[in-house]
$ cat model.cif   # mmCIF, C-alpha atoms
data_structure
loop_
_atom_site.label_atom_id
_atom_site.label_comp_id
_atom_site.auth_asym_id
_atom_site.auth_seq_id
_atom_site.Cartn_x
_atom_site.Cartn_y
_atom_site.Cartn_z
CA MET A 1 88.27 42.21 59.05
CA LYS A 2 91.02 43.23 56.60
CA LEU A 3 90.13 46.90 57.11
CA LEU A 4 90.33 46.52 60.90
CA ASN A 5 93.80 44.86 60.71
CA TRP A 6 95.04 47.56 58.35
CA THR A 7 93.76 50.30 60.72
CA VAL A 8 95.50 48.65 63.69
CA ALA A 9 98.75 48.33 61.69
CA VAL A 10 98.65 52.02 60.71
CA ALA A 11 97.93 53.05 64.32
CA LEU A 12 100.84 50.95 65.63
CA ALA A 13 103.21 52.33 63.00
CA THR A 14 102.20 55.87 63.96
CA ILE A 15 102.77 55.24 67.66
CA VAL A 16 106.18 53.65 67.07
CA GLY A 17 107.20 56.44 64.65
CA CYS A 18 106.46 59.19 67.19
CA GLY A 19 109.03 57.96 69.70
CA GLN A 20 112.04 59.50 67.97
CA THR A 21 115.26 59.86 69.89
CA PRO A 22 117.43 62.95 69.43
CA SER A 23 120.50 62.61 67.25
CA SER A 24 123.87 62.46 68.97
CA ASP A 25 124.69 65.99 67.74
CA THR A 26 121.58 67.45 69.36
CA ALA A 27 122.03 65.54 72.60
CA GLN A 28 125.57 66.89 73.13
CA GLU A 29 124.83 70.56 72.54
CA PRO A 30 124.02 72.48 75.72
CA ALA A 31 120.69 74.21 75.68
CA PRO A 32 121.03 77.98 75.28
CA PRO A 33 120.07 79.96 78.36
CA ALA A 34 116.53 81.22 78.50
CA ALA A 35 116.31 84.86 77.46
CA SER A 36 113.97 85.56 80.37
CA GLU A 37 116.95 85.13 82.72
CA TYR A 38 118.44 88.36 81.34
CA LEU A 39 115.54 90.23 79.73
CA VAL A 40 113.43 92.41 81.96
CA GLU A 41 109.94 93.62 81.09
CA THR A 42 110.16 96.97 82.88
CA GLU A 43 112.72 99.56 81.87
CA PRO A 44 115.19 100.23 84.68
CA VAL A 45 115.05 103.79 86.01
CA ASP A 46 117.84 106.34 86.03
CA ALA A 47 119.59 105.04 82.91
CA VAL A 48 122.56 107.17 81.90
CA PRO A 49 123.48 107.71 78.23
CA VAL A 50 126.77 106.06 77.26
CA GLY A 51 128.68 109.33 76.72
CA GLU A 52 127.78 110.61 80.18
CA ALA A 53 128.69 107.27 81.76
CA ARG A 54 132.11 107.27 80.10
CA GLN A 55 132.83 110.56 81.87
CA SER A 56 131.46 109.71 85.30
CA VAL A 57 131.41 105.95 85.95
CA SER A 58 134.23 104.33 87.94
CA ASP A 59 135.61 100.81 87.70
CA ALA A 60 133.48 98.23 89.59
CA GLN A 61 130.58 100.71 89.96
CA ALA A 62 126.98 99.57 89.50
CA VAL A 63 125.58 101.27 86.42
CA THR A 64 122.48 101.47 84.25
CA LEU A 65 123.17 102.57 80.67
CA VAL A 66 121.04 103.37 77.67
CA GLY A 67 122.44 103.01 74.17
CA THR A 68 121.85 101.97 70.59
CA ILE A 69 123.46 98.77 69.32
CA GLY A 70 126.12 99.74 66.81
CA GLY A 71 129.40 101.58 66.50
CA SER A 72 130.93 99.36 63.84
CA SER A 73 129.81 97.28 60.89
CA GLU A 74 129.77 94.21 63.19
CA PRO A 75 128.71 95.28 66.70
CA PHE A 76 127.96 91.73 67.92
CA VAL A 77 130.63 89.37 69.30
CA ASP A 78 130.48 85.88 67.78
CA GLY A 79 129.85 83.14 70.34
CA LEU A 80 129.04 85.48 73.23
CA ALA A 81 126.07 87.55 74.30
CA ALA A 82 128.10 90.72 73.84
CA PHE A 83 127.83 93.83 71.68
CA THR A 84 128.69 97.51 71.55
CA ILE A 85 126.27 100.35 72.21
CA VAL A 86 126.52 104.01 71.28
CA ASP A 87 125.03 106.98 73.09
CA PRO A 88 121.51 107.52 71.68
CA ASN A 89 122.33 111.21 71.20
CA VAL A 90 124.90 110.39 68.51
CA PRO A 91 123.11 110.30 65.16
CA TYR A 92 123.66 107.28 62.95
CA CYS A 93 123.67 107.55 59.19
CA ALA A 94 120.56 106.91 57.18
CA ALA A 95 120.44 104.45 54.31
CA ASP A 96 119.27 107.26 52.01
CA GLU A 97 122.56 109.08 52.78
CA GLY A 98 124.39 106.30 50.95
CA CYS A 99 125.22 104.30 54.07
CA PRO A 100 124.40 100.60 53.60
CA THR A 101 125.13 99.86 57.29
CA PRO A 102 123.80 102.82 59.31
CA TRP A 103 124.78 101.14 62.61
CA ASP A 104 128.48 101.66 61.79
CA TYR A 105 127.98 105.43 62.23
CA CYS A 106 130.14 106.05 59.15
CA CYS A 107 129.10 109.71 58.87
CA THR A 108 129.51 110.46 62.61
CA GLN A 109 132.40 108.10 63.47
CA ASP A 110 134.36 110.98 65.04
CA GLN A 111 131.68 111.19 67.77
CA VAL A 112 131.60 107.45 68.48
CA LYS A 113 134.98 107.14 70.24
CA ASP A 114 133.81 109.04 73.33
CA ASN A 115 130.27 107.63 73.22
CA ILE A 116 130.65 103.84 72.96
CA ALA A 117 130.61 101.00 75.49
CA THR A 118 130.84 97.22 75.32
CA VAL A 119 128.08 95.17 76.92
CA LYS A 120 128.70 91.58 78.01
CA VAL A 121 125.69 89.69 79.32
CA VAL A 122 126.86 87.62 82.30
CA ASP A 123 125.37 84.77 84.30
CA ALA A 124 124.89 84.69 88.08
CA SER A 125 128.57 83.74 88.52
CA GLY A 126 129.73 86.71 86.43
CA ASN A 127 130.77 84.58 83.46
CA PRO A 128 129.94 85.76 79.92
CA VAL A 129 126.92 83.98 78.44
CA ALA A 130 127.92 81.81 75.46
CA ALA A 131 125.00 82.60 73.17
CA ASP A 132 124.28 84.87 70.24
CA ALA A 133 122.90 88.11 71.71
CA ARG A 134 120.62 88.60 68.69
CA LYS A 135 118.82 85.35 69.43
CA LEU A 136 119.07 85.45 73.22
CA LEU A 137 117.73 88.99 73.57
CA GLN A 138 115.80 89.36 70.29
CA VAL A 139 117.85 92.41 69.30
CA LYS A 140 119.50 93.66 66.13
CA GLU A 141 121.62 96.53 64.95
CA LEU A 142 120.11 99.89 65.99
CA SER A 143 117.98 98.36 68.77
CA THR A 144 117.94 100.66 71.79
CA VAL A 145 118.66 98.86 75.03
CA VAL A 146 118.90 99.72 78.70
CA VAL A 147 121.45 97.53 80.48
CA LYS A 148 122.07 97.15 84.19
CA GLY A 149 125.28 95.74 85.61
CA THR A 150 128.80 96.49 86.78
CA ALA A 151 131.23 98.78 84.99
CA THR A 152 134.81 97.91 84.13
CA ARG A 153 137.32 100.49 82.92
CA ASP A 154 140.64 99.81 81.20
CA GLU A 155 143.76 102.00 81.04
CA GLN A 156 142.51 103.68 77.85
CA GLY A 157 139.23 104.66 79.51
CA ASN A 158 137.11 102.17 77.57
CA LEU A 159 133.91 101.20 79.33
CA THR A 160 132.55 97.65 79.53
CA VAL A 161 129.40 96.66 81.39
CA ALA A 162 128.93 93.15 82.75
CA ALA A 163 125.14 93.19 82.43
CA ASN A 164 122.74 90.90 84.22
CA GLU A 165 119.60 92.75 83.09
CA VAL A 166 118.67 93.96 79.62
CA PHE A 167 115.58 95.89 78.61
CA VAL A 168 114.91 96.30 74.89
CA ARG A 169 112.99 99.46 74.05
CA PRO A 170 110.14 98.86 71.62
CA GLY A 171 110.67 100.21 68.15
CA LYS A 172 113.59 99.55 65.88
#

$ encode --input "model.cif" --output "structure tokens"
Amino acid sequence: MKLLNWTVAVALATIVGCGQTPSSDTAQEPAPPAASEYLVETEPVDAVPVGEARQSVSDAQAVTLVGTIGGSSEPFVDGLAAFTIVDPNVPYCAADEGCPTPWDYCCTQDQVKDNIATVKVVDASGNPVAADARKLLQVKELSTVVVKGTATRDEQGNLTVAANEVFVRPGK
């Protein structure tokens, strides 16, 4: 009888212990958007390298770009799903060349200026997504991506893409 009571007590304690409520910190944080909203499984066709797009794309034009994440030592924007990409034809420096951060293009920086674009992942309303791009899209420095969205140009000719689709090429 004692063994049966002890077994029932353990079972009840287990059931009660499993009903944990989230802490107030967790309950107040908005859930990050699902990556599947922005990631596509099939690479978009007719992607243009960044350098070519900088020469031919107009403001407010639909565009599909291909590029490699990098261009500086910190290509990701904190707090937003945004980053810079460089034309895949621009070589980045190798670690064996004495470059601890090859994605900053330290040995080919003179080529980066005309071959770089900013990518901002946007929601259906066109607002930037407030999430870390590395986590949201499972990317890192030197990942090659194909992004589809709308181009914006500033007075200096800088190119930004408000992207609603991102394809990450397998590899790096």

$ resolve_selection --input "model.cif" --expression "the PyMOL selection byres ((chain A and resi 93) around 8)" --output "list in words"
Pro91, Tyr92, Ala94, Ala95, Glu97, Cys99, Pro102, Trp103, Tyr105, Cys106, Cys107 and Thr108 of chain A

$ residues_around --input "model.cif" --residues "Gly79 of chain A" --least-positions-apart "3" --cutoff "10 Å" --atoms "all atoms listed in the file" --output "JSON list (two decimals) with C-alpha atoms, in the coordinates of the input"
[["chain", "number", "residue", "atom", "x", "y", "z"],
["A", 76, "PHE", "CA", 127.96, 91.73, 67.92],
["A", 82, "ALA", "CA", 128.10, 90.72, 73.84],
["A", 128, "PRO", "CA", 129.94, 85.76, 79.92],
["A", 129, "VAL", "CA", 126.92, 83.98, 78.44],
["A", 130, "ALA", "CA", 127.92, 81.81, 75.46],
["A", 131, "ALA", "CA", 125.00, 82.60, 73.17],
["A", 132, "ASP", "CA", 124.28, 84.87, 70.24],
["A", 133, "ALA", "CA", 122.90, 88.11, 71.71]]

$ resolve_selection --input "model.cif" --expression "the PyMOL selection byres ((chain A and resi 164-171) around 6)" --output "list in words"
Tyr38, Leu39, Val40, Glu43, Val121, Val122, Thr144, Val145, Val146, Val147, Lys148, Gly149, Ala163 and Lys172 of chain A

$ atom_distance --input "model.cif" --atom1 "atom CA of Leu142 of chain A" --atom2 "atom CA of Val50 of chain A"
14.5 Å

$ resolve_selection --input "model.cif" --expression "the PyMOL selection byres ((chain A and resi 56-61) around 8)" --output "tab-separated table (two decimals) with C-alpha atoms, in the coordinates of the input"
chain	number	residue	atom	x	y	z
A	52	GLU	CA	127.78	110.61	80.18
A	53	ALA	CA	128.69	107.27	81.76
A	54	ARG	CA	132.11	107.27	80.10
A	55	GLN	CA	132.83	110.56	81.87
A	62	ALA	CA	126.98	99.57	89.50
A	63	VAL	CA	125.58	101.27	86.42
A	150	THR	CA	128.80	96.49	86.78
A	151	ALA	CA	131.23	98.78	84.99
A	152	THR	CA	134.81	97.91	84.13
A	153	ARG	CA	137.32	100.49	82.92

$ atom_distance --input "model.cif" --atom1 "atom CA of Ala124 of chain A" --atom2 "atom CA of Ser36 of chain A"
13.4 Å

$ atom_distance --input "model.cif" --atom1 "atom CA of Asp154 of chain A" --atom2 "atom CA of Glu141 of chain A"
25.2 Å

$ closest_residue --input "model.cif" --among "A:Arg134, A:Ser72, A:Ser143, A:Asp78" --to "Val112 of chain A" --atoms "only C-alpha atoms"
A:Ser72

$ residues_around --input "model.cif" --residues "Thr118 of chain A" --least-positions-apart "2" --cutoff "8 Å" --atoms "all atoms listed in the file" --output "number ranges by chain"
A: 82-85, 116, 120, 159-161

$ closest_residue --input "model.cif" --among "A:Ala117, A:Ala81, A:Val66, A:Val90" --to "Leu136 of chain A" --atoms "only C-alpha atoms"
A:Ala81

$ decode --input "model.cif" --residues "segment 78-104 of chain A" --atoms "N, CA and C atoms" --output "compact mmCIF listing (two decimals), in the first residue's frame"
# COMPACT_ATOMS: atom_id res chain seq x y z
N ASP A 78 22.53 45.32 -36.90
CA ASP A 78 21.96 44.86 -35.63
C ASP A 78 20.49 45.23 -35.53
N GLY A 79 19.68 44.27 -35.13
CA GLY A 79 18.26 44.51 -34.89
C GLY A 79 17.37 44.46 -36.12
N LEU A 80 17.95 44.32 -37.29
CA LEU A 80 17.15 44.24 -38.52
C LEU A 80 17.66 43.09 -39.39
N ALA A 81 16.77 42.57 -40.20
CA ALA A 81 17.17 41.56 -41.18
C ALA A 81 17.72 42.30 -42.39
N ALA A 82 18.93 42.82 -42.22
CA ALA A 82 19.56 43.63 -43.27
C ALA A 82 21.05 43.35 -43.29
N PHE A 83 21.64 43.46 -44.48
CA PHE A 83 23.06 43.16 -44.65
C PHE A 83 23.51 43.71 -46.00
N THR A 84 24.81 43.73 -46.20
CA THR A 84 25.35 44.15 -47.49
C THR A 84 25.83 42.93 -48.27
N ILE A 85 25.70 43.04 -49.59
CA ILE A 85 26.20 41.99 -50.48
C ILE A 85 27.13 42.61 -51.50
N VAL A 86 28.08 41.82 -51.95
CA VAL A 86 29.07 42.25 -52.93
C VAL A 86 28.94 41.35 -54.15
N ASP A 87 29.18 41.93 -55.31
CA ASP A 87 29.14 41.17 -56.56
C ASP A 87 30.00 39.91 -56.41
N PRO A 88 29.47 38.75 -56.79
CA PRO A 88 30.25 37.51 -56.64
C PRO A 88 31.51 37.46 -57.49
N ASN A 89 31.63 38.36 -58.46
CA ASN A 89 32.83 38.40 -59.29
C ASN A 89 34.00 39.12 -58.62
N VAL A 90 33.73 39.83 -57.54
CA VAL A 90 34.80 40.51 -56.80
C VAL A 90 35.40 39.49 -55.84
N PRO A 91 36.70 39.22 -55.97
CA PRO A 91 37.30 38.23 -55.08
C PRO A 91 37.49 38.78 -53.66
N TYR A 92 37.18 37.94 -52.69
CA TYR A 92 37.45 38.31 -51.30
C TYR A 92 38.79 37.71 -50.91
N CYS A 93 39.34 38.21 -49.85
CA CYS A 93 40.67 37.78 -49.41
C CYS A 93 40.58 36.45 -48.67
N ALA A 94 41.59 35.67 -48.82
CA ALA A 94 41.63 34.38 -48.14
C ALA A 94 42.33 34.53 -46.80
N ALA A 95 41.95 33.70 -45.86
CA ALA A 95 42.56 33.72 -44.53
C ALA A 95 44.06 33.47 -44.61
N ASP A 96 44.48 32.63 -45.57
CA ASP A 96 45.92 32.35 -45.69
C ASP A 96 46.70 33.52 -46.29
N GLU A 97 46.00 34.57 -46.74
CA GLU A 97 46.65 35.79 -47.21
C GLU A 97 46.85 36.79 -46.07
N GLY A 98 46.58 36.33 -44.85
CA GLY A 98 46.74 37.20 -43.69
C GLY A 98 45.52 38.05 -43.41
N CYS A 99 44.37 37.66 -43.91
CA CYS A 99 43.14 38.41 -43.70
C CYS A 99 42.24 37.64 -42.73
N PRO A 100 42.14 38.10 -41.48
CA PRO A 100 41.33 37.37 -40.50
C PRO A 100 39.83 37.46 -40.77
N THR A 101 39.39 38.46 -41.53
CA THR A 101 37.97 38.61 -41.87
C THR A 101 37.84 38.75 -43.39
N PRO A 102 37.89 37.65 -44.12
CA PRO A 102 37.89 37.72 -45.59
C PRO A 102 36.67 38.44 -46.16
N TRP A 103 35.55 38.47 -45.44
CA TRP A 103 34.33 39.11 -45.93
C TRP A 103 34.42 40.64 -45.94
N ASP A 104 35.51 41.20 -45.39
CA ASP A 104 35.66 42.66 -45.46
C ASP A 104 36.35 43.10 -46.76
